[in-house]
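Notes to accompany the following structure.
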Amino acid sequence: RVLEAAAVLGLEFRVESVAVMSGSSVPAALEDLDQLLAAGLVEHVEASTWRFRHALLRDAVDARLSTSRQVALHRAAAEAIETEGGDVATRSFEVARHWSAAAVGGNRLRAAAAVEVAAREAMRQLAFETAGRLYRQALAAGAGALDDEARVRLWLGAAEAAARAADHGARFEACEEAGHLARRLARPDLIAAAALGMSALGPDAWMKVARRACEEALEALDPGDLSLRARLIAHHAETYLFTPELSDFEPATRTALEFAERSGDADALAAALRVRQFVLAGPAHLDDRAELALVMLREGQRMAVPRLELQAHAARIDVEFERGNLASVTAEIDAIGAAASAMRDRFLRFQELTARAVLAIARGRFDDCRALMSSAFAVFGAGGDMNPYLLRAAVLSNLSHHAGVNAATLTAIEEARPGVSGADAGLIAAVSGARVLAHAGRLDEAEALYEKFGPVESWRPPPQVELLVPALGIAVAGYLDRASDQALLRERLLPFREHHVVCGTGTFAYFGPVQLWTGAAALAAGLIEEGIADLEAAVMRSRAAGTPGFEAEAKIELAGGLLQRARPGDIPRARDLLAAAASKAARLNAVALKERAATAAARLVRDESRLTRREEEISGMVAEGLSNRAIAARLFLSERTVQNHVQHVLDKLDLANRAQIAAWVVRKNE
């Protein structure tokens, strides 16, 4: 009897438990254990703890027990452990195991309750995958005995565990099961709980279910339940996060915030503030978002709600990136990283690593970016959740703008494609993908993606990508020689010249100062002076922000503008800018930038060797020894015009004076 009880308890066991299970006293059980020790079956560990000499011995004893005997012993084990002294919470997993095994003997309600206790303990210990398994095990243990309300509670527990483990598929399934049961009970509060448990991110089919559940709960809820109404309104709006309709929910989010403040509920306030940030994610509301982030931080600290504080840090990352304050970005990422380590939260860890990867792009540390994104993706691993695939593709696409397109980037984009569904979700992905394909020389594919959502004047991006979509569109239109599109997209960016191009919600892209893009588009549209002015500012802003790759890119674009204008001094300056950009690109190992600088330098060499007909004519007269006044009189030009032509010749040929022009003419005619 002692041996069988020990086998049910496990490889290691306590003599007190064995005594209760075998119906004997501790002294009697110890005498039996001494005989088993002499037989070489068990050994004494310490105090009242013993164990089998080998796991095979324990398995052999357990295997010879009949089913009814096993059930009886598991029940006895559960009762024995429950009656023992000490911290029951730490032994809850053992109790749950035994009651679960004993459930077949008619102990289903007690088994379900014990397993639920273990699931809550696993949540407390941040063992979220274990907790999710235990909640589902409690449902199985209590099958046929649990009422619908208890089953809703267990499904919601499983959903919360799945959410903390970032298992979005399991989360949705659990919430949907809870929702079905809540409807059968006609309980609006439980329907609301199921709706709130659903992720606000995921496939369109999931979002439709979540929206319907929010609407159904809001319709049936008591109007006086301000806390729950605030949370439902916020969650409903959040399901439109990646759609242009998100902006339409601005009045609703104000209502949610009002309800949350009146209710005094911390969770409701956190939800309302978070979705308010999302709705105001466009560049026009940058200062509003900065103020909201401060409110979130202050309220999170006041109410001791760590996740509200973390929302504040995430919001401040987006704000400071858009302002170009990368030192502040680093501090906010560090705060999220510390929390991710303390809470062992996979989502926070992924968020931290992704933000660091984007910061590495901005700083020109491309190898660091690749390593960080590899680590971020490994946090989740390959599976059915498309969010890691989408964010990896977004960051690597961003990286390729300077580092060049490689096979890994193209593979990441292809693997993320199943997660892009519907016109709402796909605009930013389509334009970003088109830029990568165009850069890789696959212009037909790029054009097809670029045109997928109609003419640019009809594009309506969600608020958080109001800067990204036009900037990427300008880049693609440049490859496709669509200057009119560049001009239209430039108009959208002009009100935000002081900003940097980022996503207003969630850090997955940084594309330098807005003036880099307005400047490039202006040059394409023939607005040379405006383009040069913007690009001059882009060089300075990039240098001030500490973004060397974008400083080099702005110099390359600026050199192109100077070549187009070709005023006295422009050509030599363009040459210097290209040399500086090429040098910086080489130090950064920015493959794409090096290629662009080399192409621009080659064009400069071609332009320098090709004087206009009038410049050739004036060069010949300079070689004859004529003064500017004499040349002007012979050609019926103003003396100032002749002087400009002479300066252009000096700039193009990189010559210092008129004597060198004369020598060049002689060499050319030899």
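Note on naming: chains are A, B, ... as they come in the structure tokens, residues start from 1 per chain, ligands start from 1 in the order shown.
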*Which polymer residues have any atom within 12 Å of an atom of Ala290 in chain A, counting only C-alpha atoms, with same-chain residues fewer than 6 positions away left out, as a ChimeraX atom specification?*
/A:276-277,280-281,283-284,296-297,312-323,504
*Neighbours of Val358 in chain A within 9 Å (only C-alpha atoms; same-chain residues fewer than 6 positions away dropped), as a VMD selection string?*
chain A and resid 369 395 398 to 399 507 to 510
Take the residues just selected and output them with N, CA, C and O atoms as a short mmCIF file (atom, residue, chain, number, x, y, z; two decimals), in the first residue's frame.
```cif
data_model
loop_
_atom_site.label_atom_id
_atom_site.label_comp_id
_atom_site.auth_asym_id
_atom_site.auth_seq_id
_atom_site.Cartn_x
_atom_site.Cartn_y
_atom_site.Cartn_z
N CYS A 369 20.32 46.18 -36.37
CA CYS A 369 18.90 46.07 -36.69
C CYS A 369 18.54 44.64 -37.06
O CYS A 369 17.54 44.10 -36.57
N VAL A 395 9.90 46.36 -40.74
CA VAL A 395 11.20 46.87 -40.29
C VAL A 395 12.29 46.56 -41.32
O VAL A 395 13.13 47.42 -41.64
N ASN A 398 12.01 48.88 -44.22
CA ASN A 398 12.59 50.15 -43.81
C ASN A 398 14.12 50.09 -43.90
O ASN A 398 14.78 50.99 -44.45
N LEU A 399 14.69 49.02 -43.38
CA LEU A 399 16.14 48.84 -43.40
C LEU A 399 16.70 48.85 -44.81
O LEU A 399 17.75 49.44 -45.08
N THR A 507 6.05 51.49 -33.17
CA THR A 507 7.32 51.83 -33.82
C THR A 507 7.74 50.73 -34.77
O THR A 507 8.19 49.67 -34.35
N PHE A 508 7.57 50.94 -36.08
CA PHE A 508 8.08 49.98 -37.04
C PHE A 508 8.76 50.64 -38.23
O PHE A 508 9.24 49.96 -39.12
N ALA A 509 8.81 51.99 -38.24
CA ALA A 509 9.45 52.65 -39.38
C ALA A 509 9.94 54.03 -38.97
O ALA A 509 9.31 54.73 -38.18
N TYR A 510 11.09 54.39 -39.54
CA TYR A 510 11.61 55.76 -39.45
C TYR A 510 12.22 56.09 -40.81
O TYR A 510 13.08 55.35 -41.30
#
```
_Neighbouring residues of Leu353 in chain A were defined as those with any atom within 10 Å, considering only C-alpha atoms; residues of the same chain fewer than 6 positions away were excluded. Please report them as a list in words._
Ile333, Ile336, Gly337, Phe347, Leu359, Cys369, Ala371, Leu372, Met373, Ser374, Ser375, Ala376, Phe377 and Val379 of chain A
*Neighbours of range 474-481 of chain A within 8 Å (only C-alpha atoms; same-chain residues fewer than 3 positions away dropped), as a list in words?*
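Selected residues are Val431, Ala434, Arg435, Ala438, His439, Leu443, Ala446, Glu447, Tyr450, Pro470, Ala471, Asp485, Gln486, Leu489, Arg490, Trp517, Ala521 and Ala524 of chain A.
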Taking all heavy atoms for each residue, export the selection above as a compact mmCIF listing (two decimals), in the first residue's frame.
```
# COMPACT_ATOMS: atom_id res chain seq x y z
N VAL A 431 2.25 49.96 -50.48
CA VAL A 431 3.18 51.02 -50.88
C VAL A 431 4.59 50.69 -50.40
O VAL A 431 5.58 50.90 -51.13
CB VAL A 431 2.72 52.40 -50.34
CG1 VAL A 431 3.68 53.49 -50.79
CG2 VAL A 431 1.32 52.71 -50.83
N ALA A 434 5.87 47.95 -52.62
CA ALA A 434 6.18 48.48 -53.95
C ALA A 434 7.53 49.18 -53.94
O ALA A 434 8.30 49.08 -54.92
CB ALA A 434 5.09 49.45 -54.39
N ARG A 435 7.85 49.89 -52.85
CA ARG A 435 9.14 50.57 -52.78
C ARG A 435 10.29 49.57 -52.80
O ARG A 435 11.29 49.75 -53.51
CB ARG A 435 9.23 51.44 -51.52
CG ARG A 435 10.46 52.35 -51.51
CD ARG A 435 10.88 52.72 -50.10
NE ARG A 435 11.28 51.55 -49.34
CZ ARG A 435 12.46 50.93 -49.47
NH1 ARG A 435 13.34 51.35 -50.36
NH2 ARG A 435 12.75 49.88 -48.73
N ALA A 438 10.53 48.03 -56.32
CA ALA A 438 11.09 49.00 -57.27
C ALA A 438 12.59 49.14 -57.07
O ALA A 438 13.36 49.19 -58.04
CB ALA A 438 10.39 50.35 -57.11
N HIS A 439 13.00 49.19 -55.81
CA HIS A 439 14.43 49.28 -55.51
C HIS A 439 15.18 48.06 -56.03
O HIS A 439 16.33 48.17 -56.48
CB HIS A 439 14.63 49.41 -54.00
CG HIS A 439 16.04 49.64 -53.59
ND1 HIS A 439 16.51 50.88 -53.21
CD2 HIS A 439 17.11 48.80 -53.50
CE1 HIS A 439 17.80 50.80 -52.91
NE2 HIS A 439 18.19 49.53 -53.08
N LEU A 443 10.12 46.46 -61.49
CA LEU A 443 9.25 47.61 -61.65
C LEU A 443 7.82 47.23 -62.00
O LEU A 443 6.87 47.90 -61.57
CB LEU A 443 9.82 48.56 -62.71
CG LEU A 443 11.14 49.24 -62.34
CD1 LEU A 443 11.58 50.19 -63.45
CD2 LEU A 443 11.01 50.02 -61.04
N ALA A 446 6.19 46.23 -58.82
CA ALA A 446 6.06 47.42 -57.98
C ALA A 446 4.89 48.28 -58.46
O ALA A 446 4.09 48.78 -57.66
CB ALA A 446 7.35 48.23 -58.01
N GLU A 447 4.78 48.45 -59.76
CA GLU A 447 3.71 49.27 -60.32
C GLU A 447 2.34 48.67 -60.02
O GLU A 447 1.38 49.38 -59.70
CB GLU A 447 3.90 49.42 -61.82
CG GLU A 447 2.96 50.43 -62.46
CD GLU A 447 3.35 50.74 -63.89
OE1 GLU A 447 3.90 49.83 -64.57
OE2 GLU A 447 3.11 51.87 -64.33
N TYR A 450 1.57 49.40 -56.43
CA TYR A 450 1.38 50.84 -56.27
C TYR A 450 -0.01 51.26 -56.73
O TYR A 450 -0.64 52.15 -56.15
CB TYR A 450 2.46 51.55 -57.07
CG TYR A 450 2.41 53.06 -57.07
CD1 TYR A 450 2.86 53.80 -55.98
CD2 TYR A 450 1.93 53.75 -58.18
CE1 TYR A 450 2.83 55.18 -55.99
CE2 TYR A 450 1.91 55.14 -58.20
CZ TYR A 450 2.35 55.84 -57.10
OH TYR A 450 2.32 57.22 -57.12
N PRO A 470 2.52 58.89 -47.82
CA PRO A 470 3.00 59.83 -48.84
C PRO A 470 4.51 59.74 -49.08
O PRO A 470 4.96 59.84 -50.23
CB PRO A 470 2.61 61.19 -48.28
CG PRO A 470 1.52 60.93 -47.32
CD PRO A 470 1.82 59.59 -46.73
N ALA A 471 5.29 59.57 -48.01
CA ALA A 471 6.74 59.49 -48.19
C ALA A 471 7.12 58.28 -49.03
O ALA A 471 7.91 58.39 -49.99
CB ALA A 471 7.43 59.44 -46.83
N ASP A 485 2.33 62.46 -59.49
CA ASP A 485 1.99 61.80 -58.23
C ASP A 485 2.84 62.34 -57.09
O ASP A 485 2.36 62.56 -55.97
CB ASP A 485 2.20 60.29 -58.35
CG ASP A 485 1.08 59.60 -59.12
OD1 ASP A 485 0.17 60.31 -59.60
OD2 ASP A 485 1.13 58.36 -59.24
N GLN A 486 4.12 62.55 -57.38
CA GLN A 486 5.01 63.09 -56.35
C GLN A 486 4.53 64.46 -55.89
O GLN A 486 4.57 64.78 -54.70
CB GLN A 486 6.44 63.16 -56.88
CG GLN A 486 7.09 61.79 -57.05
CD GLN A 486 8.50 61.89 -57.60
OE1 GLN A 486 8.70 62.38 -58.71
NE2 GLN A 486 9.46 61.42 -56.85
N LEU A 489 1.43 64.01 -53.60
CA LEU A 489 1.80 63.46 -52.29
C LEU A 489 2.58 64.49 -51.48
O LEU A 489 2.46 64.54 -50.24
CB LEU A 489 2.60 62.18 -52.46
CG LEU A 489 1.80 61.01 -53.07
CD1 LEU A 489 2.72 59.88 -53.49
CD2 LEU A 489 0.76 60.50 -52.08
N ARG A 490 3.37 65.31 -52.16
CA ARG A 490 4.11 66.37 -51.48
C ARG A 490 3.16 67.34 -50.79
O ARG A 490 3.43 67.79 -49.66
CB ARG A 490 4.98 67.11 -52.49
CG ARG A 490 5.70 68.34 -51.94
CD ARG A 490 6.59 68.96 -52.99
NE ARG A 490 7.19 70.19 -52.51
CZ ARG A 490 6.67 71.41 -52.69
NH1 ARG A 490 5.53 71.54 -53.38
NH2 ARG A 490 7.27 72.48 -52.21
N TRP A 517 11.58 64.36 -48.07
CA TRP A 517 10.61 63.88 -49.06
C TRP A 517 9.93 65.02 -49.81
O TRP A 517 9.72 64.92 -51.02
CB TRP A 517 9.59 62.97 -48.36
CG TRP A 517 10.32 61.84 -47.71
CD1 TRP A 517 10.70 61.73 -46.41
CD2 TRP A 517 10.84 60.69 -48.37
NE1 TRP A 517 11.41 60.58 -46.20
CE2 TRP A 517 11.51 59.92 -47.39
CE3 TRP A 517 10.80 60.22 -49.67
CZ2 TRP A 517 12.13 58.71 -47.68
CZ3 TRP A 517 11.42 59.02 -49.98
CH2 TRP A 517 12.08 58.28 -48.99
N ALA A 521 10.42 65.55 -53.87
CA ALA A 521 9.24 65.68 -54.72
C ALA A 521 9.22 67.03 -55.43
O ALA A 521 8.79 67.13 -56.59
CB ALA A 521 7.97 65.51 -53.89
N ALA A 524 11.44 66.87 -58.44
CA ALA A 524 10.80 66.10 -59.52
C ALA A 524 9.75 66.93 -60.25
O ALA A 524 9.52 66.75 -61.45
CB ALA A 524 10.17 64.84 -58.96
```
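Restricting the calculation to only C-alpha atoms, the smallest distance between Glu451 in chain A and any of A:Ala659, A:Ala7, A:Ala430, A:Ile631 is found for A:Ala430.
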